$ cat run.pdb   # PDB, C-alpha atoms and all ligand atoms
MODEL        1
ATOM      1  CA  MET A   1       8.060  -0.058  23.755
ATOM      2  CA  SER A   2       4.534  -0.965  24.836
ATOM      3  CA  ALA A   3       2.905   0.278  28.030
ATOM      4  CA  THR A   4       2.437  -2.556  30.499
ATOM      5  CA  THR A   5       0.763  -3.429  33.773
ATOM      6  CA  SER A   6       2.723  -6.278  35.361
ATOM      7  CA  SER A   7       4.133  -8.220  32.407
ATOM      8  CA  LYS A   8       1.184  -8.031  30.005
ATOM      9  CA  PRO A   9       0.662  -5.154  27.533
ATOM     10  CA  VAL A  10      -2.275  -3.025  28.757
ATOM     11  CA  LEU A  11      -4.490  -3.792  25.765
ATOM     12  CA  ALA A  12      -3.673  -7.518  25.509
ATOM     13  CA  GLY A  13      -6.793  -9.460  24.537
ATOM     14  CA  LYS A  14      -8.596  -6.344  23.245
ATOM     15  CA  ALA A  15      -9.623  -5.610  19.667
ATOM     16  CA  ALA A  16      -9.735  -2.185  18.015
ATOM     17  CA  PHE A  17     -11.103  -0.698  14.788
ATOM     18  CA  ILE A  18      -9.471   2.496  13.500
ATOM     19  CA  THR A  19     -10.915   4.380  10.538
ATOM     20  CA  GLY A  20      -8.366   5.920   8.161
ATOM     21  CA  GLY A  21      -5.358   3.977   9.423
ATOM     22  CA  SER A  22      -3.133   3.775   6.362
ATOM     23  CA  ARG A  23      -1.327   7.092   6.837
ATOM     24  CA  GLY A  24      -0.783   9.987   9.223
ATOM     25  CA  ILE A  25      -2.374  10.108  12.667
ATOM     26  CA  GLY A  26      -4.435   6.958  12.034
ATOM     27  CA  ALA A  27      -1.336   4.920  11.176
ATOM     28  CA  ALA A  28       0.360   6.142  14.369
ATOM     29  CA  ILE A  29      -2.717   5.041  16.341
ATOM     30  CA  VAL A  30      -2.676   1.619  14.652
ATOM     31  CA  ARG A  31       0.995   1.184  15.597
ATOM     32  CA  ARG A  32       0.498   2.346  19.177
ATOM     33  CA  LEU A  33      -2.609   0.261  19.962
ATOM     34  CA  ALA A  34      -0.920  -2.786  18.407
ATOM     35  CA  ALA A  35       2.223  -2.155  20.481
ATOM     36  CA  ASP A  36      -0.026  -1.979  23.545
ATOM     37  CA  GLY A  37      -1.311  -5.473  22.712
ATOM     38  CA  ALA A  38      -4.593  -4.908  20.833
ATOM     39  CA  ALA A  39      -5.588  -6.735  17.669
ATOM     40  CA  VAL A  40      -6.208  -3.952  15.139
ATOM     41  CA  ALA A  41      -8.433  -3.573  12.102
ATOM     42  CA  PHE A  42      -8.202  -0.378  10.108
ATOM     43  CA  SER A  43      -9.760   1.175   7.038
ATOM     44  CA  TYR A  44      -8.369   3.198   4.157
ATOM     45  CA  THR A  45      -9.674   4.397   0.809
ATOM     46  CA  SER A  46      -6.802   4.448  -1.680
ATOM     47  CA  SER A  47      -3.376   3.845  -0.089
ATOM     48  CA  GLU A  48      -3.385   0.090  -0.526
ATOM     49  CA  ALA A  49       0.409  -0.341  -0.505
ATOM     50  CA  ALA A  50       0.815   1.697   2.702
ATOM     51  CA  ALA A  51      -2.077  -0.166   4.346
ATOM     52  CA  LYS A  52      -0.614  -3.568   3.486
ATOM     53  CA  GLU A  53       2.842  -2.555   4.651
ATOM     54  CA  LEU A  54       1.467  -1.315   7.988
ATOM     55  CA  ALA A  55      -0.603  -4.468   8.583
ATOM     56  CA  GLY A  56       2.444  -6.565   7.645
ATOM     57  CA  SER A  57       4.696  -4.707  10.080
ATOM     58  CA  VAL A  58       2.219  -5.221  12.946
ATOM     59  CA  GLU A  59       2.015  -8.953  12.144
ATOM     60  CA  ALA A  60       5.816  -9.208  11.815
ATOM     61  CA  ALA A  61       6.079  -7.817  15.359
ATOM     62  CA  GLY A  62       3.781 -10.591  16.607
ATOM     63  CA  GLY A  63       0.496  -8.649  16.551
ATOM     64  CA  ARG A  64      -2.735  -9.071  14.579
ATOM     65  CA  ALA A  65      -3.842  -6.572  11.941
ATOM     66  CA  ILE A  66      -6.307  -6.411   9.087
ATOM     67  CA  ALA A  67      -6.616  -3.608   6.547
ATOM     68  CA  LEU A  68      -9.970  -3.004   4.861
ATOM     69  CA  ARG A  69     -10.646  -0.729   1.923
ATOM     70  CA  VAL A  70     -13.795   1.178   2.883
ATOM     71  CA  ASP A  71     -14.932   4.750   2.392
ATOM     72  CA  SER A  72     -16.308   6.051   5.683
ATOM     73  CA  ALA A  73     -18.934   8.012   3.734
ATOM     74  CA  ASP A  74     -20.507   4.704   2.666
ATOM     75  CA  ALA A  75     -22.583   3.748   5.705
ATOM     76  CA  VAL A  76     -23.327   0.205   4.573
ATOM     77  CA  ALA A  77     -19.667  -0.498   3.770
ATOM     78  CA  LEU A  78     -18.502   0.966   7.097
ATOM     79  CA  ARG A  79     -20.991  -1.131   9.086
ATOM     80  CA  THR A  80     -19.990  -4.235   7.147
ATOM     81  CA  ALA A  81     -16.270  -3.628   7.792
ATOM     82  CA  ILE A  82     -16.803  -3.145  11.531
ATOM     83  CA  ASP A  83     -18.934  -6.304  11.701
ATOM     84  CA  GLN A  84     -16.233  -8.180   9.778
ATOM     85  CA  ALA A  85     -13.509  -7.028  12.188
ATOM     86  CA  ALA A  86     -15.585  -8.020  15.231
ATOM     87  CA  ARG A  87     -16.249 -11.422  13.679
ATOM     88  CA  THR A  88     -12.575 -11.957  12.807
ATOM     89  CA  PHE A  89     -11.318 -11.032  16.283
ATOM     90  CA  GLY A  90     -14.313 -12.467  18.153
ATOM     91  CA  ARG A  91     -14.874  -9.142  19.930
ATOM     92  CA  LEU A  92     -14.582  -5.367  19.626
ATOM     93  CA  ASP A  93     -13.458  -3.164  22.502
ATOM     94  CA  ILE A  94     -12.192   0.083  20.959
ATOM     95  CA  LEU A  95     -13.378   2.225  18.050
ATOM     96  CA  VAL A  96     -11.231   5.133  16.892
ATOM     97  CA  ASN A  97     -13.063   7.434  14.484
ATOM     98  CA  ASN A  98     -10.037   9.008  12.845
ATOM     99  CA  ALA A  99     -10.764   9.250   9.105
ATOM    100  CA  GLY A 100     -11.320  12.829   8.067
ATOM    101  CA  VAL A 101     -11.193  15.118   5.069
ATOM    102  CA  PHE A 102      -9.976  18.693   5.005
ATOM    103  CA  LYS A 103     -11.817  20.678   2.334
ATOM    104  CA  VAL A 104     -10.835  24.334   2.331
ATOM    105  CA  GLY A 105     -12.831  27.166   0.781
ATOM    106  CA  THR A 106     -14.557  30.359   1.822
ATOM    107  CA  VAL A 107     -18.339  30.558   1.786
ATOM    108  CA  GLU A 108     -18.124  32.161  -1.679
ATOM    109  CA  GLU A 109     -15.956  29.354  -3.026
ATOM    110  CA  MET A 110     -16.925  26.071  -1.444
ATOM    111  CA  SER A 111     -18.995  23.653  -3.520
ATOM    112  CA  LEU A 112     -21.955  21.850  -1.995
ATOM    113  CA  GLU A 113     -20.226  18.636  -2.996
ATOM    114  CA  ASP A 114     -17.235  19.456  -0.762
ATOM    115  CA  PHE A 115     -19.544  20.620   2.035
ATOM    116  CA  ASP A 116     -21.498  17.340   1.898
ATOM    117  CA  ARG A 117     -18.323  15.229   1.699
ATOM    118  CA  THR A 118     -17.002  17.027   4.802
ATOM    119  CA  LEU A 119     -20.166  16.274   6.748
ATOM    120  CA  ASN A 120     -20.413  12.680   5.523
ATOM    121  CA  VAL A 121     -16.843  11.651   6.341
ATOM    122  CA  ASN A 122     -16.111  13.846   9.373
ATOM    123  CA  VAL A 123     -19.486  13.635  11.152
ATOM    124  CA  ARG A 124     -22.022  11.153   9.769
ATOM    125  CA  ALA A 125     -19.430   8.347   9.666
ATOM    126  CA  VAL A 126     -18.656   8.920  13.347
ATOM    127  CA  PHE A 127     -22.321   8.310  14.173
ATOM    128  CA  VAL A 128     -22.595   5.336  11.793
ATOM    129  CA  GLY A 129     -19.322   3.744  12.967
ATOM    130  CA  THR A 130     -20.202   4.187  16.627
ATOM    131  CA  GLN A 131     -23.665   2.719  16.083
ATOM    132  CA  ALA A 132     -22.118  -0.329  14.398
ATOM    133  CA  ALA A 133     -19.258  -0.778  16.874
ATOM    134  CA  VAL A 134     -21.224  -0.550  20.112
ATOM    135  CA  ARG A 135     -23.386  -3.479  19.020
ATOM    136  CA  HIS A 136     -20.264  -5.584  19.574
ATOM    137  CA  MET A 137     -18.879  -3.870  22.676
ATOM    138  CA  ALA A 138     -19.080  -5.120  26.232
ATOM    139  CA  ASP A 139     -18.919  -3.061  29.420
ATOM    140  CA  GLY A 140     -15.624  -1.133  29.374
ATOM    141  CA  GLY A 141     -15.748  -0.359  25.649
ATOM    142  CA  ARG A 142     -14.122   2.769  24.303
ATOM    143  CA  VAL A 143     -15.162   5.154  21.530
ATOM    144  CA  ILE A 144     -12.543   7.779  20.646
ATOM    145  CA  THR A 145     -12.958  10.360  17.890
ATOM    146  CA  ILE A 146     -10.294  12.556  16.337
ATOM    147  CA  GLY A 147     -11.731  16.056  16.189
ATOM    148  CA  SER A 148      -9.635  19.191  15.783
ATOM    149  CA  THR A 149      -8.521  22.283  17.618
ATOM    150  CA  ASN A 150     -10.456  24.106  14.857
ATOM    151  CA  ALA A 151     -13.570  23.268  16.888
ATOM    152  CA  GLU A 152     -12.238  25.846  19.379
ATOM    153  CA  ARG A 153     -10.477  28.344  17.146
ATOM    154  CA  VAL A 154     -10.800  29.278  13.464
ATOM    155  CA  PRO A 155      -8.012  31.802  12.847
ATOM    156  CA  SER A 156      -8.177  32.111   9.072
ATOM    157  CA  PRO A 157     -10.727  32.187   6.240
ATOM    158  CA  GLY A 158     -11.711  29.053   4.347
ATOM    159  CA  PHE A 159     -12.024  26.746   7.351
ATOM    160  CA  GLY A 160     -15.767  27.148   8.010
ATOM    161  CA  ALA A 161     -17.006  23.754   6.823
ATOM    162  CA  TYR A 162     -14.120  21.853   8.396
ATOM    163  CA  ALA A 163     -14.487  23.728  11.705
ATOM    164  CA  MET A 164     -18.239  23.103  11.676
ATOM    165  CA  SER A 165     -17.640  19.376  11.235
ATOM    166  CA  LYS A 166     -15.181  19.240  14.126
ATOM    167  CA  SER A 167     -17.424  21.388  16.373
ATOM    168  CA  ALA A 168     -20.276  18.981  15.675
ATOM    169  CA  LEU A 169     -18.152  16.225  17.208
ATOM    170  CA  THR A 170     -18.039  17.953  20.591
ATOM    171  CA  GLY A 171     -21.835  17.790  20.880
ATOM    172  CA  LEU A 172     -22.052  14.301  19.405
ATOM    173  CA  THR A 173     -19.416  13.112  21.889
ATOM    174  CA  ARG A 174     -21.395  14.480  24.843
ATOM    175  CA  GLY A 175     -24.610  12.891  23.613
ATOM    176  CA  LEU A 176     -23.031   9.519  22.852
ATOM    177  CA  ALA A 177     -21.379   9.522  26.281
ATOM    178  CA  ARG A 178     -24.830   9.935  27.858
ATOM    179  CA  ASP A 179     -26.321   7.205  25.652
ATOM    180  CA  LEU A 180     -23.562   4.708  26.378
ATOM    181  CA  GLY A 181     -22.719   5.541  30.006
ATOM    182  CA  PRO A 182     -25.271   3.040  31.331
ATOM    183  CA  ARG A 183     -23.369   0.336  29.424
ATOM    184  CA  GLY A 184     -19.986   1.376  30.847
ATOM    185  CA  ILE A 185     -18.737   2.534  27.439
ATOM    186  CA  THR A 186     -16.784   5.805  27.408
ATOM    187  CA  VAL A 187     -16.864   8.268  24.497
ATOM    188  CA  ASN A 188     -14.245  10.974  24.049
ATOM    189  CA  ASN A 189     -13.019  13.442  21.430
ATOM    190  CA  VAL A 190      -9.318  14.196  20.921
ATOM    191  CA  GLN A 191      -8.658  17.627  19.369
ATOM    192  CA  PRO A 192      -5.210  17.872  17.756
ATOM    193  CA  GLY A 193      -3.544  21.061  16.672
ATOM    194  CA  PRO A 194      -1.147  21.024  13.710
ATOM    195  CA  VAL A 195       0.270  17.513  13.285
ATOM    196  CA  ASP A 196       2.897  16.652  10.681
ATOM    197  CA  THR A 197       1.036  14.475   8.135
ATOM    198  CA  ASP A 198       0.211  14.614   4.425
ATOM    199  CA  MET A 199      -2.861  16.676   5.401
ATOM    200  CA  ASN A 200      -0.767  19.311   7.166
ATOM    201  CA  PRO A 201       2.967  18.982   6.527
ATOM    202  CA  ALA A 202       5.343  20.668   8.988
ATOM    203  CA  ASP A 203       7.203  22.175   6.002
ATOM    204  CA  GLY A 204       3.998  23.291   4.218
ATOM    205  CA  PRO A 205       3.268  26.887   3.144
ATOM    206  CA  ASN A 206       0.947  27.585   6.121
ATOM    207  CA  ALA A 207       3.169  26.109   8.839
ATOM    208  CA  ALA A 208       4.785  29.360   9.969
ATOM    209  CA  SER A 209       1.467  31.209  10.297
ATOM    210  CA  MET A 210       0.060  28.337  12.399
ATOM    211  CA  HIS A 211       3.154  28.270  14.609
ATOM    212  CA  ALA A 212       2.744  32.005  15.261
ATOM    213  CA  LEU A 213      -0.596  31.219  16.970
ATOM    214  CA  MET A 214       0.761  28.527  19.295
ATOM    215  CA  ALA A 215       2.274  28.465  22.799
ATOM    216  CA  LEU A 216       4.597  25.703  21.524
ATOM    217  CA  PRO A 217       5.390  26.885  17.994
ATOM    218  CA  ARG A 218       5.801  23.588  16.144
ATOM    219  CA  HIS A 219       3.837  20.713  14.644
ATOM    220  CA  GLY A 220       3.093  17.696  16.811
ATOM    221  CA  SER A 221       3.621  14.112  15.670
ATOM    222  CA  GLY A 222       1.176  11.292  15.062
ATOM    223  CA  ALA A 223       2.773   9.534  18.029
ATOM    224  CA  ASP A 224       1.818  12.476  20.292
ATOM    225  CA  ILE A 225      -1.838  12.032  19.348
ATOM    226  CA  ALA A 226      -1.648   8.237  19.538
ATOM    227  CA  ALA A 227      -0.376   8.517  23.123
ATOM    228  CA  MET A 228      -3.524  10.378  24.172
ATOM    229  CA  VAL A 229      -5.675   7.856  22.319
ATOM    230  CA  ALA A 230      -3.824   5.003  24.057
ATOM    231  CA  TYR A 231      -4.531   6.591  27.438
ATOM    232  CA  LEU A 232      -8.245   6.963  26.623
ATOM    233  CA  ALA A 233      -8.358   3.367  25.337
ATOM    234  CA  GLY A 234      -6.684   2.000  28.439
ATOM    235  CA  PRO A 235      -7.902   0.978  31.888
ATOM    236  CA  GLU A 236      -6.750   4.190  33.620
ATOM    237  CA  ALA A 237      -9.237   6.342  31.671
ATOM    238  CA  GLY A 238     -12.404   4.568  32.798
ATOM    239  CA  PHE A 239     -13.810   7.717  34.468
ATOM    240  CA  VAL A 240     -13.205  10.020  31.457
ATOM    241  CA  THR A 241     -16.227  10.386  29.198
ATOM    242  CA  GLY A 242     -18.003  13.050  27.156
ATOM    243  CA  ALA A 243     -14.766  15.037  27.043
ATOM    244  CA  SER A 244     -13.140  16.978  24.226
ATOM    245  CA  LEU A 245      -9.431  17.062  25.009
ATOM    246  CA  SER A 246      -7.097  19.452  23.185
ATOM    247  CA  ILE A 247      -3.588  18.330  22.277
ATOM    248  CA  ASP A 248      -2.567  21.320  20.208
ATOM    249  CA  GLY A 249       0.613  22.965  21.475
ATOM    250  CA  GLY A 250      -1.550  25.736  22.895
ATOM    251  CA  PHE A 251      -3.169  26.634  19.549
ATOM    252  CA  SER A 252      -6.486  27.210  21.337
ATOM    253  CA  ALA A 253      -4.993  28.542  24.603
TER     254      ALA A 253
HETATM  255  N1  LIG B   1      -2.867  16.704  10.576
HETATM  256  C1  LIG B   1      -3.401  17.673  11.320
HETATM  257  O1  LIG B   1      -2.813  18.746  11.498
HETATM  258  C2  LIG B   1      -4.734  17.456  11.993
HETATM  259  C3  LIG B   1      -5.115  18.388  12.971
HETATM  260  C4  LIG B   1      -6.336  18.224  13.623
HETATM  261  C5  LIG B   1      -7.135  17.155  13.308
HETATM  262  N2  LIG B   1      -6.759  16.263  12.354
HETATM  263  C6  LIG B   1      -7.655  15.146  12.084
HETATM  264  O2  LIG B   1      -6.971  13.924  12.259
HETATM  265  C7  LIG B   1      -7.519  12.936  11.401
HETATM  266  C8  LIG B   1      -6.407  12.319  10.566
HETATM  267  O3  LIG B   1      -5.738  13.357   9.855
HETATM  268  P1  LIG B   1      -4.318  13.146   9.125
HETATM  269  O4  LIG B   1      -3.622  14.444   9.226
HETATM  270  O5  LIG B   1      -3.682  11.901   9.594
HETATM  271  O6  LIG B   1      -4.854  12.976   7.608
HETATM  272  P2  LIG B   1      -4.145  12.334   6.328
HETATM  273  O7  LIG B   1      -2.662  12.443   6.451
HETATM  274  O8  LIG B   1      -4.827  12.966   5.175
HETATM  275  O9  LIG B   1      -4.558  10.778   6.411
HETATM  276  C9  LIG B   1      -5.926  10.469   6.337
HETATM  277  C10 LIG B   1      -6.144   9.001   6.546
HETATM  278  O10 LIG B   1      -7.561   8.762   6.532
HETATM  279  C11 LIG B   1      -7.903   7.942   5.424
HETATM  280  N3  LIG B   1      -9.149   8.422   4.863
HETATM  281  C12 LIG B   1      -9.403   9.638   4.304
HETATM  282  N4  LIG B   1     -10.689   9.706   3.912
HETATM  283  C13 LIG B   1     -11.248   8.507   4.229
HETATM  284  C14 LIG B   1     -12.535   7.953   4.052
HETATM  285  N5  LIG B   1     -13.505   8.647   3.461
HETATM  286  N6  LIG B   1     -12.768   6.683   4.491
HETATM  287  C15 LIG B   1     -11.768   5.968   5.077
HETATM  288  N7  LIG B   1     -10.531   6.437   5.267
HETATM  289  C16 LIG B   1     -10.272   7.695   4.835
HETATM  290  C17 LIG B   1      -6.749   8.030   4.454
HETATM  291  O11 LIG B   1      -6.749   6.843   3.662
HETATM  292  P3  LIG B   1      -5.946   6.757   2.248
HETATM  293  O12 LIG B   1      -4.500   6.647   2.641
HETATM  294  O13 LIG B   1      -6.445   5.529   1.578
HETATM  295  O14 LIG B   1      -6.244   8.011   1.526
HETATM  296  C18 LIG B   1      -5.569   8.140   5.439
HETATM  297  O15 LIG B   1      -5.234   6.888   5.994
HETATM  298  C19 LIG B   1      -8.597  13.649  10.564
HETATM  299  O16 LIG B   1      -9.863  13.444  11.172
HETATM  300  C20 LIG B   1      -8.189  15.113  10.675
HETATM  301  O17 LIG B   1      -9.302  15.976  10.488
HETATM  302  C21 LIG B   1      -5.558  16.388  11.683
ENDMDL
END
$ encode --input "run.pdb" --output "structure tokens"
Amino acid sequence: MSATTSSKPVLAGKAAFITGGSRGIGAAIVRRLAADGAAVAFSYTSSEAAAKELAGSVEAAGGRAIALRVDSADAVALRTAIDQAARTFGRLDILVNNAGVFKVGTVEEMSLEDFDRTLNVNVRAVFVGTQAAVRHMADGGRVITIGSTNAERVPSPGFGAYAMSKSALTGLTRGLARDLGPRGITVNNVQPGPVDTDMNPADGPNAASMHALMALPRHGSGADIAAMVAYLAGPEAGFVTGASLSIDGGFSA
């Protein structure tokens, strides 16, 4: 059921680009923004069948969706995809920087290749995607990034590079909010705790130890995170900017 003001879905007439939308949290965001009336473009790297199925299901429900194969680490390809989406829809109102990689390894173990990949996908692509998207945005635009509760709390070894990448997003979000405030564009960072996806399955080997750290000892769902994104994308969140908002079952409490 889509959120509505009067009879129109709240995001009717808007267009959104979501990075990493074929699976997990990104797919839930694609579904939710489409249900709220937005035309959606989303990227993926390898899950072509899942991406096509998702775009098809949005279209079958009467929405508009395009799926684009693009690695967020490739700045030229990411810019081109965002430009293509804006051209196709005739506008761009919402960017969700969701694509992320989770490379685990202690300082003794982690390769420079994994460290660089973490920075390129989780941080540099957020800057590149935002730079490309805001060229198309009008007053009222929205930039929303999916960070992590690991920006606030790193309770086990091997998470250093990932936590660094998600901490970087808190500062980038503040700075981008200052840059784009004069244009009426808000920039916010959503910090999930454990969410049941391929990256972090609720029945995975580390689930119980994560639950032991939480006020609400369970994984969240992609839909939980998509609901916060939908709020930030919508008209009621126009005064929220520069914020990093935890949605983590109390993981960082
Ligand atoms: N799950 C959690 O517990 C959790 C907690 C906190 C934060 N997060 C963050 O939430 C975001 C989504 O996580 P998730 O759990 O949904 O992950 P996931 O299940 O691994 O799904 C990742 C999605 O991103 C896409 N993707 C991965 N690398 C990409 C790249 N380089 N360029 C473009 N797309 C790429 C994947 O595409 P393909 O299908 O083609 O591979 C897939 O659609 C990430 O930023 C993650 O750090 C997750």
$ resolve_selection --input "run.pdb" --expression "the PyMOL selection byres (((chain A and resi 181-189) around 10) and not hetatm)" --output "number ranges by chain"
A: 93-97, 130, 134, 137-148, 166, 169-180, 190-192, 229, 232-233, 237-246
$ resolve_selection --input "run.pdb" --expression "the PyMOL selection byres (((chain A and resi 214) around 6) and not hetatm)" --output "list in words"
His211, Ala212, Leu213, Ala215, Leu216, Pro217, Gly249, Gly250 and Phe251 of chain A
$ write_last_selection --input "run.pdb" --atoms "C-alpha atoms" --output "PDB file, keeping the file's coordinate frame"
ATOM      1  CA  HIS A 211       3.154  28.270  14.609  1.00  0.00           C
ATOM      2  CA  ALA A 212       2.744  32.005  15.261  1.00  0.00           C
ATOM      3  CA  LEU A 213      -0.596  31.219  16.970  1.00  0.00           C
ATOM      4  CA  ALA A 215       2.274  28.465  22.799  1.00  0.00           C
ATOM      5  CA  LEU A 216       4.597  25.703  21.524  1.00  0.00           C
ATOM      6  CA  PRO A 217       5.390  26.885  17.994  1.00  0.00           C
ATOM      7  CA  GLY A 249       0.613  22.965  21.475  1.00  0.00           C
ATOM      8  CA  GLY A 250      -1.550  25.736  22.895  1.00  0.00           C
ATOM      9  CA  PHE A 251      -3.169  26.634  19.549  1.00  0.00           C
TER      10      PHE A 251
END
$ residues_around --input "run.pdb" --residues "segment 53-57 of chain A" --least-positions-apart "5" --cutoff "10 Å" --atoms "all atoms listed in the file" --output "list in words"
Gly21, Ser22, Arg23, Ala27, Ala28, Val30, Arg31, Ala34, Val40, Ala41, Phe42, Glu48, Gly62, Gly63, Arg64, Ala65, Ile66 and Ala67 of chain A
$ resolve_selection --input "run.pdb" --expression "the PyMOL selection byres (((not hetatm)) within 7 of (chain B and resi 1))" --output "mmCIF file with C-alpha atoms, in the frame of the given file"
data_model
loop_
_atom_site.group_PDB
_atom_site.id
_atom_site.type_symbol
_atom_site.label_atom_id
_atom_site.label_comp_id
_atom_site.auth_asym_id
_atom_site.auth_seq_id
_atom_site.Cartn_x
_atom_site.Cartn_y
_atom_site.Cartn_z
ATOM 1 C CA THR A 19 -10.915 4.380 10.538
ATOM 2 C CA GLY A 20 -8.366 5.920 8.161
ATOM 3 C CA GLY A 21 -5.358 3.977 9.423
ATOM 4 C CA SER A 22 -3.133 3.775 6.362
ATOM 5 C CA ARG A 23 -1.327 7.092 6.837
ATOM 6 C CA GLY A 24 -0.783 9.987 9.223
ATOM 7 C CA ILE A 25 -2.374 10.108 12.667
ATOM 8 C CA GLY A 26 -4.435 6.958 12.034
ATOM 9 C CA ALA A 27 -1.336 4.920 11.176
ATOM 10 C CA SER A 43 -9.760 1.175 7.038
ATOM 11 C CA TYR A 44 -8.369 3.198 4.157
ATOM 12 C CA THR A 45 -9.674 4.397 0.809
ATOM 13 C CA SER A 46 -6.802 4.448 -1.680
ATOM 14 C CA SER A 47 -3.376 3.845 -0.089
ATOM 15 C CA GLU A 48 -3.385 0.090 -0.526
ATOM 16 C CA VAL A 70 -13.795 1.178 2.883
ATOM 17 C CA ASP A 71 -14.932 4.750 2.392
ATOM 18 C CA SER A 72 -16.308 6.051 5.683
ATOM 19 C CA ALA A 73 -18.934 8.012 3.734
ATOM 20 C CA ASN A 98 -10.037 9.008 12.845
ATOM 21 C CA ALA A 99 -10.764 9.250 9.105
ATOM 22 C CA GLY A 100 -11.320 12.829 8.067
ATOM 23 C CA VAL A 101 -11.193 15.118 5.069
ATOM 24 C CA PHE A 102 -9.976 18.693 5.005
ATOM 25 C CA VAL A 121 -16.843 11.651 6.341
ATOM 26 C CA ASN A 122 -16.111 13.846 9.373
ATOM 27 C CA ILE A 146 -10.294 12.556 16.337
ATOM 28 C CA GLY A 147 -11.731 16.056 16.189
ATOM 29 C CA SER A 148 -9.635 19.191 15.783
ATOM 30 C CA THR A 149 -8.521 22.283 17.618
ATOM 31 C CA GLN A 191 -8.658 17.627 19.369
ATOM 32 C CA PRO A 192 -5.210 17.872 17.756
ATOM 33 C CA GLY A 193 -3.544 21.061 16.672
ATOM 34 C CA PRO A 194 -1.147 21.024 13.710
ATOM 35 C CA VAL A 195 0.270 17.513 13.285
ATOM 36 C CA ASP A 196 2.897 16.652 10.681
ATOM 37 C CA THR A 197 1.036 14.475 8.135
ATOM 38 C CA ASP A 198 0.211 14.614 4.425
ATOM 39 C CA MET A 199 -2.861 16.676 5.401
ATOM 40 C CA ASN A 200 -0.767 19.311 7.166
#
$ atom_distance --input "run.pdb" --atom1 "atom CA of Ala161 of chain A" --atom2 "atom CA of Asp114 of chain A"
8.7 Å
$ atom_distance --input "run.pdb" --atom1 "atom CA of Val154 of chain A" --atom2 "atom CA of Ala226 of chain A"
23.7 Å
$ atom_distance --input "run.pdb" --atom1 "atom CA of Ala202 of chain A" --atom2 "atom CA of Gly220 of chain A"
8.7 Å
$ closest_residue --input "run.pdb" --among "A:Ile82, A:Ser165, A:Val76, A:Leu92" --to "Leu119 of chain A" --atoms "only C-alpha atoms"
A:Ser165
$ closest_residue --input "run.pdb" --among "A:Tyr231, A:Phe17, A:Phe127, A:Phe159" --to "Glu109 of chain A" --atoms "all atoms listed in the file"
A:Phe159
$ closest_residue --input "run.pdb" --among "A:Val58, A:Asp203, A:Ala16, A:His219" --to "Thr88 of chain A" --atoms "only C-alpha atoms"
A:Ala16
$ closest_residue --input "run.pdb" --among "A:Val123, A:Leu68, A:Ala86, A:Ala75" --to "Lys14 of chain A" --atoms "all atoms listed in the file"
A:Ala86
$ axis_aligned_box --input "run.pdb" --around "segment 147-163 of chain A" --padding-each-side "6 Å" --output "lines of an AutoDock Vina configuration file"
center_x = -12.5
center_y = 24.1
center_z = 11.9
size_x = 21.0
size_y = 28.1
size_z = 27.0
$ build_atoms --input "run.pdb" --residues "segment 147-155 of chain A" --atoms "N, CA, C and O atoms" --output "compact mmCIF listing (two decimals), in the coordinates of the input"
# COMPACT_ATOMS: atom_id res chain seq x y z
N GLY A 147 -11.15 14.78 16.60
CA GLY A 147 -11.73 16.06 16.19
C GLY A 147 -10.63 16.99 15.73
O GLY A 147 -9.71 16.57 15.01
N SER A 148 -10.69 18.23 16.15
CA SER A 148 -9.64 19.19 15.78
C SER A 148 -9.71 20.40 16.70
O SER A 148 -10.79 20.79 17.15
N THR A 149 -8.57 21.01 16.89
CA THR A 149 -8.52 22.28 17.62
C THR A 149 -9.34 23.36 16.90
O THR A 149 -9.72 24.36 17.49
N ASN A 150 -9.63 23.14 15.59
CA ASN A 150 -10.46 24.11 14.86
C ASN A 150 -11.90 24.11 15.34
O ASN A 150 -12.68 24.98 14.93
N ALA A 151 -12.27 23.18 16.21
CA ALA A 151 -13.57 23.27 16.89
C ALA A 151 -13.57 24.43 17.88
O ALA A 151 -14.62 24.97 18.22
N GLU A 152 -12.37 24.80 18.35
CA GLU A 152 -12.24 25.85 19.38
C GLU A 152 -11.82 27.18 18.78
O GLU A 152 -12.11 28.23 19.34
N ARG A 153 -11.06 27.11 17.68
CA ARG A 153 -10.48 28.34 17.15
C ARG A 153 -10.35 28.24 15.63
O ARG A 153 -9.84 27.25 15.12
N VAL A 154 -10.83 29.27 14.94
CA VAL A 154 -10.80 29.28 13.46
C VAL A 154 -10.09 30.56 13.04
O VAL A 154 -10.73 31.58 12.77
N PRO A 155 -8.75 30.54 12.98
CA PRO A 155 -8.01 31.80 12.85
C PRO A 155 -7.85 32.31 11.44
O PRO A 155 -7.27 33.38 11.25
